[in-house]
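Structure record follows, encoded as structure tokens.
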There are 2 protein chains.
Amino acid sequence: MADLKLPGFEDVLSAAEKISGHAVKTPLLKCEDLSEKLSAEIYVKPECLQRVGAFKFRGAFNRLCRLNEEERKRGVVAYSSGNHAQGVACSAKLLGIDATIVMPDDSPKMKLENTSNYGAKVITYDRDKENREELANKIANDTGAIVVPSFEDFYIIAGQGTVALEAVQQAEDRGVKLDIFMSPVGGGGLISGCALAIKALSPQTDIYGVEPEGFNDVQRSIENGKIECNPTNSGSICDAILTPYPGEMTLHIMSNNLKGVLTVSDEEVLKAMKYAWEKLKLVVEPGASVALAALLSNKLDVSGKKICLVLSGGNVDEENYIKALSI
Amino acid sequence: MADLKLPGFEDVLSAAEKISGHAVKTPLLKCEDLSEKLSAEIYVKPECLQRVGAFKFRGAFNRLCRLNEEERKRGVVAYSSGNHAQGVACSAKLLGIDATIVMPDDSPKMKLENTSNYGAKVITYDRDKENREELANKIANDTGAIVVPSFEDFYIIAGQGTVALEAVQQAEDRGVKLDIFMSPVGGGGLISGCALAIKALSPQTDIYGVEPEGFNDVQRSIENGKIECNPTNSGSICDAILTPYPGEMTLHIMSNNLKGVLTVSDEEVLKAMKYAWEKLKLVVEPGASVALAALLSNKLDVSGKKICLVLSGGNVDEENYIKALSI
């Protein structure tokens, strides 16, 4: 741990400056129906409205815009189940950088297509049989391209933190002091970055992560004080957050700042997706719905509390979406 | 016409004050994909994110909060295909007023349920055989309740105008001067109110309304200089804007301020709903998608232009939504 250079609040502020004018400043929306249902004050930060349809653009753009001229010429390579892929591909396009993205062959069709449409070269792999990091590193070695990790990176973490930076400021603008901040957790990039902003601006706010049942690597890693892996890499509809294990940096930040980690089932996720469709009029993908799912299925007593939850993305195929609407 | 008291820009400003803190100030979102596709700069004003899932809350709240104590005690009655119904029911609940709503029996299930859930008494009628105004007037006569029209009303029009008031200000905050403003048209309440704000703040902006094919009563009314009716009251999926004919006030304002009225087919509407799902991550109902449908199907040359279009609501049943996703 001693040699890890962790980002701090000032790096989140710097990221906010860099992404300004490129990323969407997503609104903070009050959810009247859920607030009434849970006798609480519930706000959502809809990152499905973000450029590329997910918060991942923030970190990716913040990372790529730090590359110098020589590095930009070498191009970038990333591995991702789909949202980081689009974030890197879109940022690379905006900055005139060549991008190669390594994606599981069972990624949602929409994510594969969008990544290609941003002009990136897409290479697919078998989620259960191949190691995506090895694949990406091989490409980097062969071509000289720079690897852009999906979460375990100083600038990526700082960039994702702008979600909470905005949320806390938007809550304050409405005179609201948040008691609880909840966010989906895959590798932990989003919630780690958010923790940096929250602990600086709103230290009274408790931070909760939410994972899919059976893929609670972060919950167990925090509990056991070391990086724990998920037993498998597939088997939940929450494709965006089926990361095999957290990073050293993200685990360090999460261990120091999270109040707890909750888990939800695929069925609870489908119900949350339908709820977001019906009551929020927002298209939210499975992995991005887990925090909402946790609230809707009463995993946490939030009565009387002021809560912000992140709906982290909206890139979902028709098939899974119709499945949610038909629940 | 001489005795019509029409609202002006100052009434839109007054409405904005009244609804502040109750209505959602919906964001202005840039649509990157569509902008690229049409070589234009396209922004959407997503009123599906408004309280009750449609812009109608703005006008209804502005109308109801003007009632004095004695009037509030008498209660209100409204007729609506569903969004005005919810707007009135929710506003009445917030203000402690009894509400009775007359709705077509083929209204989307979601609209019927939500209206009841806000505590209003719902009375259904046959869209093709009964006259909703007569029904509402009878209830008003029998009970003393005050009729709240869905568009032909000074305060309703002024309230809906806050959509454009916000949009023009939000565009200006980004340094954008709008060339074109587009909105769905049913009875004309939304676009009339918006015209008052636009002509005051942004007189260079051309205003276009969009109707469903076969229900172009406003297009023909403007052309012929008198109120024209639709031949039928059903037969399009755009339930929210199948209004039989425009009002005197709204037609007067529209005739003086609209650059044109376009029409779109149901199939074009379904494609627009799917586009909003895929690219904007917004749930938009059929009638609320017509302006987007007009752009997507090239009904207007917008190349090089800066455009704001209103996505006026998101209250749609699963069945029609799945139909759109399956197109």
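Letters for chains follow the order of the structure tokens (A, B, ...), residue numbers begin at 1 for each chain, and ligand numbers begin at 1 in the order shown.
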Can you list, as a list in words, all residues belonging to range 145-266 of chain B that DSSP tags as strand (DSSP E or B)?
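So the strand (DSSP E or B) residues in range 145-266 of chain B would be Ile146, Val147, Ile180, Phe181, Met182, Ser183, Pro184, Asp206, Ile207, Tyr208, Gly209, Val210, Glu211, Pro212, Gly260, Val261, Leu262, Thr263 and Val264 of chain B.
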So that I can see what lies close to Leu242 in chain A, please list as a list in words the residues with an atom at most 7 Å from it, counting only C-alpha atoms and leaving out residues fewer than 6 positions away in the same chain.
Gly186, Phe215, Asn233 and Ser234 of chain A
Using only C-alpha atoms, which chain B residues lie at most 7 Å away from chain A, written as an MDAnalysis selection string?
chainID B and resid 27 48:49 277 280:283 314 318 322 325
Just N, CA, C and O atoms for this one: save the residues we selected as a PDB file, in the first residue's frame.
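Listing of result_29.pdb after writing:
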```pdb
ATOM      1  N   PRO B  27     -34.245  19.823 -16.696  1.00  0.00           N
ATOM      2  CA  PRO B  27     -32.996  20.279 -17.322  1.00  0.00           C
ATOM      3  C   PRO B  27     -33.177  20.491 -18.828  1.00  0.00           C
ATOM      4  O   PRO B  27     -34.166  20.065 -19.402  1.00  0.00           O
ATOM      5  N   CYS B  48     -41.098  14.826 -19.318  1.00  0.00           N
ATOM      6  CA  CYS B  48     -41.419  13.528 -18.713  1.00  0.00           C
ATOM      7  C   CYS B  48     -40.845  13.465 -17.295  1.00  0.00           C
ATOM      8  O   CYS B  48     -41.332  12.704 -16.465  1.00  0.00           O
ATOM      9  N   LEU B  49     -39.819  14.277 -17.028  1.00  0.00           N
ATOM     10  CA  LEU B  49     -39.234  14.309 -15.678  1.00  0.00           C
ATOM     11  C   LEU B  49     -39.993  15.254 -14.740  1.00  0.00           C
ATOM     12  O   LEU B  49     -39.642  15.409 -13.580  1.00  0.00           O
ATOM     13  N   TRP B 277     -35.584   6.190 -25.910  1.00  0.00           N
ATOM     14  CA  TRP B 277     -35.156   5.119 -25.007  1.00  0.00           C
ATOM     15  C   TRP B 277     -33.683   4.806 -25.208  1.00  0.00           C
ATOM     16  O   TRP B 277     -32.916   4.748 -24.258  1.00  0.00           O
ATOM     17  N   LEU B 280     -31.478   8.762 -25.532  1.00  0.00           N
ATOM     18  CA  LEU B 280     -31.660   9.795 -24.503  1.00  0.00           C
ATOM     19  C   LEU B 280     -31.884   9.197 -23.123  1.00  0.00           C
ATOM     20  O   LEU B 280     -31.810   9.904 -22.134  1.00  0.00           O
ATOM     21  N   LYS B 281     -32.190   7.905 -23.075  1.00  0.00           N
ATOM     22  CA  LYS B 281     -32.473   7.211 -21.811  1.00  0.00           C
ATOM     23  C   LYS B 281     -33.678   7.822 -21.104  1.00  0.00           C
ATOM     24  O   LYS B 281     -33.750   7.868 -19.873  1.00  0.00           O
ATOM     25  N   LEU B 282     -34.604   8.335 -21.908  1.00  0.00           N
ATOM     26  CA  LEU B 282     -35.816   8.940 -21.369  1.00  0.00           C
ATOM     27  C   LEU B 282     -37.039   8.158 -21.835  1.00  0.00           C
ATOM     28  O   LEU B 282     -37.117   7.747 -22.999  1.00  0.00           O
ATOM     29  N   VAL B 283     -37.976   7.981 -20.922  1.00  0.00           N
ATOM     30  CA  VAL B 283     -39.232   7.329 -21.246  1.00  0.00           C
ATOM     31  C   VAL B 283     -40.205   8.413 -21.714  1.00  0.00           C
ATOM     32  O   VAL B 283     -40.577   9.292 -20.928  1.00  0.00           O
ATOM     33  N   GLY B 314     -44.315  11.335 -20.133  1.00  0.00           N
ATOM     34  CA  GLY B 314     -43.798   9.969 -20.186  1.00  0.00           C
ATOM     35  C   GLY B 314     -44.748   8.932 -19.617  1.00  0.00           C
ATOM     36  O   GLY B 314     -44.316   7.866 -19.194  1.00  0.00           O
ATOM     37  N   GLU B 318     -47.180  -0.310 -20.441  1.00  0.00           N
ATOM     38  CA  GLU B 318     -46.169  -1.287 -20.875  1.00  0.00           C
ATOM     39  C   GLU B 318     -46.402  -1.726 -22.316  1.00  0.00           C
ATOM     40  O   GLU B 318     -45.468  -1.829 -23.102  1.00  0.00           O
ATOM     41  N   ILE B 322     -43.606  -1.489 -25.116  1.00  0.00           N
ATOM     42  CA  ILE B 322     -42.953  -2.681 -25.676  1.00  0.00           C
ATOM     43  C   ILE B 322     -43.128  -2.695 -27.201  1.00  0.00           C
ATOM     44  O   ILE B 322     -42.224  -3.074 -27.941  1.00  0.00           O
ATOM     45  N   LEU B 325     -40.425  -0.516 -28.473  1.00  0.00           N
ATOM     46  CA  LEU B 325     -39.095  -1.138 -28.384  1.00  0.00           C
ATOM     47  C   LEU B 325     -38.943  -2.257 -29.407  1.00  0.00           C
ATOM     48  O   LEU B 325     -37.823  -2.592 -29.801  1.00  0.00           O
TER      49      LEU B 325
END
```
Distance in Å - CA of Asp98 in chain A versus CA of Ala145 in chain A
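Distance between the two atoms: 8.8 Å.
For Gly119 in chain B, the residues within 12 Å (counting only C-alpha atoms, excluding itself and residues fewer than 2 positions away along the chain) are Ala85, Gln86, Gly87, Val88, Ala89, Cys90, Ser91, Ala92, Lys93, Leu94, Gly96, Ile97, Asp98, Ala99, Thr100, Ile101, Leu112, Glu113, Asn114, Thr115, Ser116, Asn117, Lys121 and Val122 of chain B.
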Surrounding residues of Gly144 in chain A excluding itself and chain neighbours under 6 positions, 9 Å, only C-alpha atoms, as a PyMOL selection string:
chain A and resi 74-76
Selected residues written out with N, CA, C and O atoms, as a compact mmCIF listing (two decimals), in the first residue's frame:
```
# COMPACT_ATOMS: atom_id res chain seq x y z
N ARG A 74 0.40 7.38 -29.33
CA ARG A 74 0.51 5.92 -29.16
C ARG A 74 -0.86 5.24 -29.10
O ARG A 74 -0.98 4.05 -29.31
N GLY A 75 -1.88 6.00 -28.80
CA GLY A 75 -3.22 5.41 -28.69
C GLY A 75 -3.46 4.81 -27.32
O GLY A 75 -2.55 4.76 -26.48
N VAL A 76 -4.70 4.39 -27.08
CA VAL A 76 -5.06 3.81 -25.78
C VAL A 76 -5.72 2.46 -25.98
O VAL A 76 -6.27 2.16 -27.04
```
Name the residues in contact with range 235-240 of chain B at a cut-off of 8 Å, using only C-alpha atoms, excluding same-chain residues fewer than 5 positions from it; report them as a PDB file with N, CA and C atoms, in the first residue's frame.
```pdb
ATOM      1  N   SER B  81     -57.506  13.445 -21.021  1.00  0.00           N
ATOM      2  CA  SER B  81     -57.138  12.090 -21.438  1.00  0.00           C
ATOM      3  C   SER B  81     -56.130  11.485 -20.468  1.00  0.00           C
ATOM      4  N   GLY B  82     -55.622  12.278 -19.527  1.00  0.00           N
ATOM      5  CA  GLY B  82     -54.787  11.643 -18.531  1.00  0.00           C
ATOM      6  C   GLY B  82     -53.692  12.474 -17.913  1.00  0.00           C
ATOM      7  N   ASN B  83     -53.029  13.329 -18.676  1.00  0.00           N
ATOM      8  CA  ASN B  83     -51.933  14.084 -18.076  1.00  0.00           C
ATOM      9  C   ASN B  83     -52.432  15.315 -17.324  1.00  0.00           C
ATOM     10  N   SER B 107     -58.258   5.529 -21.614  1.00  0.00           N
ATOM     11  CA  SER B 107     -57.017   6.191 -21.176  1.00  0.00           C
ATOM     12  C   SER B 107     -56.009   5.123 -20.766  1.00  0.00           C
ATOM     13  N   GLY B 186     -51.818  19.586 -28.816  1.00  0.00           N
ATOM     14  CA  GLY B 186     -53.131  18.965 -28.692  1.00  0.00           C
ATOM     15  C   GLY B 186     -54.149  20.080 -28.820  1.00  0.00           C
ATOM     16  N   PRO B 212     -50.444  14.572 -34.681  1.00  0.00           N
ATOM     17  CA  PRO B 212     -50.497  13.257 -35.339  1.00  0.00           C
ATOM     18  C   PRO B 212     -51.238  13.393 -36.676  1.00  0.00           C
ATOM     19  N   ASP B 266     -48.129   7.380 -36.733  1.00  0.00           N
ATOM     20  CA  ASP B 266     -47.918   6.565 -35.533  1.00  0.00           C
ATOM     21  C   ASP B 266     -46.602   5.794 -35.607  1.00  0.00           C
ATOM     22  N   GLU B 285     -43.860   9.258 -23.801  1.00  0.00           N
ATOM     23  CA  GLU B 285     -45.091   8.645 -24.265  1.00  0.00           C
ATOM     24  C   GLU B 285     -45.348   9.038 -25.724  1.00  0.00           C
ATOM     25  N   PRO B 286     -46.297   8.328 -26.378  1.00  0.00           N
ATOM     26  CA  PRO B 286     -46.503   8.577 -27.808  1.00  0.00           C
ATOM     27  C   PRO B 286     -46.752  10.057 -28.148  1.00  0.00           C
ATOM     28  N   GLY B 287     -47.790  10.640 -27.561  1.00  0.00           N
ATOM     29  CA  GLY B 287     -48.129  12.022 -27.900  1.00  0.00           C
ATOM     30  C   GLY B 287     -47.022  13.010 -27.605  1.00  0.00           C
ATOM     31  N   ALA B 288     -46.150  12.662 -26.686  1.00  0.00           N
ATOM     32  CA  ALA B 288     -45.063  13.561 -26.287  1.00  0.00           C
ATOM     33  C   ALA B 288     -43.845  13.430 -27.187  1.00  0.00           C
TER      34      ALA B 288
END
```
Looking only at the backbone, which of the residues in range 100-317 of chain B does DSSP tag as alpha helix (DSSP H), as a PyMOL selection string?
chain B and resi 109-117+132-143+154-160+162-173+189-201+217-224+248-257+266-275+290-296
Using only C-alpha atoms, which residues sit within 8 Å of Thr162 in chain A once same-chain residues fewer than 5 positions away are excluded, as a VMD selection string?
chain A and resid 12 to 13 15 to 16 58 193 to 194 197
Just to be explicit: take each residue in the selection above, keep all heavy atoms, and write the result as a short mmCIF file (atom, residue, chain, number, x, y, z; two decimals), in the first residue's frame.
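Generated file (out_5.cif):
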```cif
data_model
loop_
_atom_site.label_atom_id
_atom_site.label_comp_id
_atom_site.auth_asym_id
_atom_site.auth_seq_id
_atom_site.Cartn_x
_atom_site.Cartn_y
_atom_site.Cartn_z
N VAL A 12 -10.47 15.60 -7.45
CA VAL A 12 -11.86 15.58 -7.94
C VAL A 12 -12.21 16.97 -8.48
O VAL A 12 -12.82 17.10 -9.56
CB VAL A 12 -12.84 15.17 -6.82
CG1 VAL A 12 -14.28 15.19 -7.33
CG2 VAL A 12 -12.50 13.79 -6.26
N LEU A 13 -11.79 18.00 -7.75
CA LEU A 13 -12.04 19.36 -8.23
C LEU A 13 -11.35 19.61 -9.56
O LEU A 13 -11.92 20.23 -10.47
CB LEU A 13 -11.54 20.39 -7.20
CG LEU A 13 -12.31 20.46 -5.88
CD1 LEU A 13 -11.63 21.43 -4.92
CD2 LEU A 13 -13.76 20.89 -6.13
N ALA A 15 -10.60 17.35 -11.78
CA ALA A 15 -11.34 16.58 -12.79
C ALA A 15 -12.58 17.34 -13.24
O ALA A 15 -12.90 17.39 -14.44
CB ALA A 15 -11.73 15.21 -12.22
N ALA A 16 -13.27 17.95 -12.27
CA ALA A 16 -14.49 18.70 -12.60
C ALA A 16 -14.18 19.81 -13.60
O ALA A 16 -14.95 20.06 -14.54
CB ALA A 16 -15.11 19.28 -11.33
N ARG A 58 -16.96 10.41 -17.41
CA ARG A 58 -16.26 11.37 -16.55
C ARG A 58 -14.81 10.95 -16.30
O ARG A 58 -13.87 11.72 -16.52
CB ARG A 58 -16.98 11.51 -15.20
CG ARG A 58 -18.41 12.05 -15.30
CD ARG A 58 -19.12 11.95 -13.94
NE ARG A 58 -20.50 12.40 -13.97
CZ ARG A 58 -20.91 13.62 -13.63
NH1 ARG A 58 -20.04 14.53 -13.23
NH2 ARG A 58 -22.19 13.95 -13.68
N GLY A 193 -14.26 7.51 -5.79
CA GLY A 193 -14.17 8.92 -6.16
C GLY A 193 -15.21 9.74 -5.43
O GLY A 193 -14.93 10.82 -4.91
N CYS A 194 -16.42 9.20 -5.37
CA CYS A 194 -17.51 9.91 -4.69
C CYS A 194 -17.19 10.10 -3.21
O CYS A 194 -17.50 11.15 -2.63
CB CYS A 194 -18.82 9.15 -4.87
SG CYS A 194 -19.49 9.31 -6.54
N ALA A 197 -15.14 13.17 -2.50
CA ALA A 197 -15.91 14.43 -2.52
C ALA A 197 -16.80 14.55 -1.29
O ALA A 197 -16.90 15.61 -0.67
CB ALA A 197 -16.76 14.49 -3.79
#
```
State, in Å with one decimal place, the distance from CA of Ile139 in chain B to CA of Lys5 in chain B.
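Value for the CA of Ile139 in chain B-CA of Lys5 in chain B distance: 25.6 Å.
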So the first atom is CA of Tyr118 in chain A and the second is CA of Val147 in chain A; what is the distance between them in Å, to one decimal place?
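Separation of CA of Tyr118 in chain A and CA of Val147 in chain A: 18.0 Å.
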